[in-house]
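A.B. asks: Pasting a structure here, questions to come.
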Amino acid sequence: MTDQFQNDLPSELTTGDFSGAEEPFRLFAQWLKDAEAKEPNDPNAMALASVDDTGLPDVRMVLLKGFDEKGFVFYTNFESKKGVELLASRKAALLFHWKTLRRQIRIRGAVEIVTDAEADAYFASRARASRIGAWASKQSRPLESRFALEKAVAEYGLRHAVGEVPRPPHWSGFRVVPQTIEFWHDRPFRLHDRIEFTRAAPAAPWDKVRLYP
């Protein structure tokens, strides 16, 4: 979902000086493109933070599977801990950290569920073994043994031995609709560059401010 942002980028988005960017999505697309060229593993990896019903924060790494002006999309089992927490609070934070590039991006906003069509299309694109695994794994719940998981995988493999593997009803995607997006770039002596974009609502224009490091 990034190609639409990567054409005719202003020079400031490709030279390291990002202070001239007036909206965050094109800048995000360029930084992700840079990461794809430089980071050795999973440049689309991001930390996902949520809170449980007591307000205690929780965080884990997930993979970004798409983005556009509507938000940032990832997929999961809705019965997992993160699925339960996100369905309850409908709020999340994301963090991309690209150590090789000395850059990070922080995103905070509301959470919405992707459409069935989006979830079906992505699920169908996964390897068949991964689709079987989505049925077999009771994600985040206690597992009595590795053998029990392997047995479940074998059983669902037989159940869906012929034809397409359908998407489980408890498996879909979330979209984080950003309210704030902050870009951070390492500078000598900890005098880092920080630019924060904020908006009052998804359809509202972005405001931009430079932050002290």
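The way I read the labels, and the way they are meant: chains A, B, ... in the order of the structure tokens, residue 1 as the first residue of every chain, and ligand 1 as the first ligand shown, with later ones counted on from there.
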Can you check which residues of stretch 40-208 of chain A DSSP gives as alpha helix (DSSP H) on the backbone and send them as an MDAnalysis selection string?
C.D. replies: chainID A and resid 81:89 116:125 128:136 146:159
A.B. asks: Keeping C-alpha atoms, export the residues of the selection given above as a PDB file, in the first residue's frame.
C.D. replies:
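Resulting contents of selection-v2.pdb:
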ATOM      1  CA  LYS A  81      -4.524 -11.274  24.678  1.00  0.00           C
ATOM      2  CA  LYS A  82      -3.878  -8.410  22.303  1.00  0.00           C
ATOM      3  CA  GLY A  83      -7.108  -9.128  20.438  1.00  0.00           C
ATOM      4  CA  VAL A  84      -9.165  -9.068  23.631  1.00  0.00           C
ATOM      5  CA  GLU A  85      -7.446  -5.916  24.905  1.00  0.00           C
ATOM      6  CA  LEU A  86      -7.821  -4.027  21.641  1.00  0.00           C
ATOM      7  CA  LEU A  87     -11.468  -5.000  21.209  1.00  0.00           C
ATOM      8  CA  ALA A  88     -12.146  -3.703  24.722  1.00  0.00           C
ATOM      9  CA  SER A  89     -10.268  -0.394  24.586  1.00  0.00           C
ATOM     10  CA  ASP A 116     -14.192  -8.959   5.937  1.00  0.00           C
ATOM     11  CA  ALA A 117     -13.024  -8.497   2.354  1.00  0.00           C
ATOM     12  CA  GLU A 118      -9.661  -7.141   3.527  1.00  0.00           C
ATOM     13  CA  ALA A 119      -9.210  -9.942   6.053  1.00  0.00           C
ATOM     14  CA  ASP A 120     -10.216 -12.632   3.545  1.00  0.00           C
ATOM     15  CA  ALA A 121      -7.822 -11.299   0.924  1.00  0.00           C
ATOM     16  CA  TYR A 122      -4.865 -11.189   3.294  1.00  0.00           C
ATOM     17  CA  PHE A 123      -5.643 -14.584   4.832  1.00  0.00           C
ATOM     18  CA  ALA A 124      -5.783 -16.143   1.347  1.00  0.00           C
ATOM     19  CA  SER A 125      -2.337 -14.708   0.586  1.00  0.00           C
ATOM     20  CA  ARG A 128      -1.205 -22.809   3.523  1.00  0.00           C
ATOM     21  CA  ALA A 129       0.645 -23.993   6.646  1.00  0.00           C
ATOM     22  CA  SER A 130       0.152 -20.576   8.236  1.00  0.00           C
ATOM     23  CA  ARG A 131      -3.569 -20.716   7.491  1.00  0.00           C
ATOM     24  CA  ILE A 132      -3.767 -24.150   9.124  1.00  0.00           C
ATOM     25  CA  GLY A 133      -1.838 -22.772  12.081  1.00  0.00           C
ATOM     26  CA  ALA A 134      -4.382 -20.000  12.544  1.00  0.00           C
ATOM     27  CA  TRP A 135      -7.029 -22.674  13.153  1.00  0.00           C
ATOM     28  CA  ALA A 136      -4.812 -24.845  15.373  1.00  0.00           C
ATOM     29  CA  ARG A 146       4.359 -28.962  22.099  1.00  0.00           C
ATOM     30  CA  PHE A 147       2.862 -32.280  21.031  1.00  0.00           C
ATOM     31  CA  ALA A 148      -0.650 -30.939  21.672  1.00  0.00           C
ATOM     32  CA  LEU A 149      -0.004 -28.080  19.241  1.00  0.00           C
ATOM     33  CA  GLU A 150       1.463 -30.378  16.605  1.00  0.00           C
ATOM     34  CA  LYS A 151      -1.513 -32.723  17.003  1.00  0.00           C
ATOM     35  CA  ALA A 152      -3.936 -29.830  16.485  1.00  0.00           C
ATOM     36  CA  VAL A 153      -2.041 -28.745  13.367  1.00  0.00           C
ATOM     37  CA  ALA A 154      -2.242 -32.289  11.990  1.00  0.00           C
ATOM     38  CA  GLU A 155      -5.964 -32.537  12.748  1.00  0.00           C
ATOM     39  CA  TYR A 156      -6.817 -29.243  11.044  1.00  0.00           C
ATOM     40  CA  GLY A 157      -4.538 -30.175   8.176  1.00  0.00           C
ATOM     41  CA  LEU A 158      -6.631 -33.291   7.585  1.00  0.00           C
ATOM     42  CA  ARG A 159      -9.867 -31.372   8.040  1.00  0.00           C
TER      43      ARG A 159
END
A.B. asks: Can you pull out every residue from stretch 85-207 of chain A that DSSP, working from the backbone, puts in strand (DSSP E or B), and format the result as a count of residues only?
C.D. replies: 41
A.B. asks: Would you tabulate, counting only C-alpha atoms, all residues of stretch 87-138 of chain A that have an atom at most 7 Å from an atom of stretch 169-189 of chain A, showing the closest pair of atoms and their distance in Å to one decimal, sorted by chain then ascending number, as CSV?
C.D. replies:
residue,atom,partner,partner_atom,distance
A:Ala92,CA,A:Val176,CA,6.9
A:Arg102,CA,A:Asp186,CA,5.4
A:Arg103,CA,A:His185,CA,4.6
A:Gln104,CA,A:Trp184,CA,5.2
A:Ile105,CA,A:Phe183,CA,4.7
A:Arg106,CA,A:Glu182,CA,5.1
A:Ile107,CA,A:Ile181,CA,4.6
A:Arg108,CA,A:Thr180,CA,5.4
A:Gly109,CA,A:Pro178,CA,4.3
A:Ala110,CA,A:Val177,CA,5.3
A:Val111,CA,A:Val176,CA,4.6
A:Glu112,CA,A:Arg175,CA,5.2
A:Ile113,CA,A:Phe174,CA,4.6
A:Val114,CA,A:Gly173,CA,5.4
A:Ala119,CA,A:Ser172,CA,5.3
A.B. asks: With N, CA and C atoms kept, could you save the residues just selected as a PDB file, in the first residue's frame?
C.D. replies:
ATOM      1  N   ALA A  92      -4.653   2.061  20.681  1.00  0.00           N
ATOM      2  CA  ALA A  92      -3.365   1.378  20.638  1.00  0.00           C
ATOM      3  C   ALA A  92      -2.262   2.378  20.327  1.00  0.00           C
ATOM      4  N   ARG A 102      18.961   4.522  12.541  1.00  0.00           N
ATOM      5  CA  ARG A 102      18.875   5.430  13.699  1.00  0.00           C
ATOM      6  C   ARG A 102      17.622   6.299  13.617  1.00  0.00           C
ATOM      7  N   ARG A 103      16.498   5.626  13.352  1.00  0.00           N
ATOM      8  CA  ARG A 103      15.222   6.311  13.243  1.00  0.00           C
ATOM      9  C   ARG A 103      14.150   5.546  14.005  1.00  0.00           C
ATOM     10  N   GLN A 104      13.142   6.241  14.448  1.00  0.00           N
ATOM     11  CA  GLN A 104      11.970   5.576  14.999  1.00  0.00           C
ATOM     12  C   GLN A 104      10.731   6.428  14.710  1.00  0.00           C
ATOM     13  N   ILE A 105       9.583   5.751  14.689  1.00  0.00           N
ATOM     14  CA  ILE A 105       8.298   6.411  14.478  1.00  0.00           C
ATOM     15  C   ILE A 105       7.336   5.908  15.533  1.00  0.00           C
ATOM     16  N   ARG A 106       6.695   6.832  16.234  1.00  0.00           N
ATOM     17  CA  ARG A 106       5.686   6.507  17.238  1.00  0.00           C
ATOM     18  C   ARG A 106       4.317   6.912  16.715  1.00  0.00           C
ATOM     19  N   ILE A 107       3.334   6.018  16.887  1.00  0.00           N
ATOM     20  CA  ILE A 107       1.980   6.247  16.386  1.00  0.00           C
ATOM     21  C   ILE A 107       0.996   5.932  17.505  1.00  0.00           C
ATOM     22  N   ARG A 108       0.015   6.807  17.705  1.00  0.00           N
ATOM     23  CA  ARG A 108      -1.035   6.571  18.690  1.00  0.00           C
ATOM     24  C   ARG A 108      -2.375   6.889  18.054  1.00  0.00           C
ATOM     25  N   GLY A 109      -3.401   6.069  18.392  1.00  0.00           N
ATOM     26  CA  GLY A 109      -4.703   6.362  17.830  1.00  0.00           C
ATOM     27  C   GLY A 109      -5.752   5.329  18.158  1.00  0.00           C
ATOM     28  N   ALA A 110      -6.904   5.520  17.556  1.00  0.00           N
ATOM     29  CA  ALA A 110      -8.028   4.602  17.739  1.00  0.00           C
ATOM     30  C   ALA A 110      -7.819   3.350  16.897  1.00  0.00           C
ATOM     31  N   VAL A 111      -8.527   2.296  17.278  1.00  0.00           N
ATOM     32  CA  VAL A 111      -8.428   1.004  16.596  1.00  0.00           C
ATOM     33  C   VAL A 111      -9.781   0.645  16.004  1.00  0.00           C
ATOM     34  N   GLU A 112      -9.761   0.200  14.757  1.00  0.00           N
ATOM     35  CA  GLU A 112     -10.978  -0.307  14.123  1.00  0.00           C
ATOM     36  C   GLU A 112     -10.681  -1.653  13.466  1.00  0.00           C
ATOM     37  N   ILE A 113     -11.728  -2.424  13.221  1.00  0.00           N
ATOM     38  CA  ILE A 113     -11.582  -3.735  12.591  1.00  0.00           C
ATOM     39  C   ILE A 113     -11.621  -3.557  11.074  1.00  0.00           C
ATOM     40  N   VAL A 114     -10.741  -4.242  10.373  1.00  0.00           N
ATOM     41  CA  VAL A 114     -10.755  -4.165   8.913  1.00  0.00           C
ATOM     42  C   VAL A 114     -12.016  -4.856   8.388  1.00  0.00           C
ATOM     43  N   ALA A 119      -9.725  -8.811   5.287  1.00  0.00           N
ATOM     44  CA  ALA A 119      -9.210  -9.942   6.053  1.00  0.00           C
ATOM     45  C   ALA A 119      -9.156 -11.201   5.203  1.00  0.00           C
TER      46      ALA A 119
END
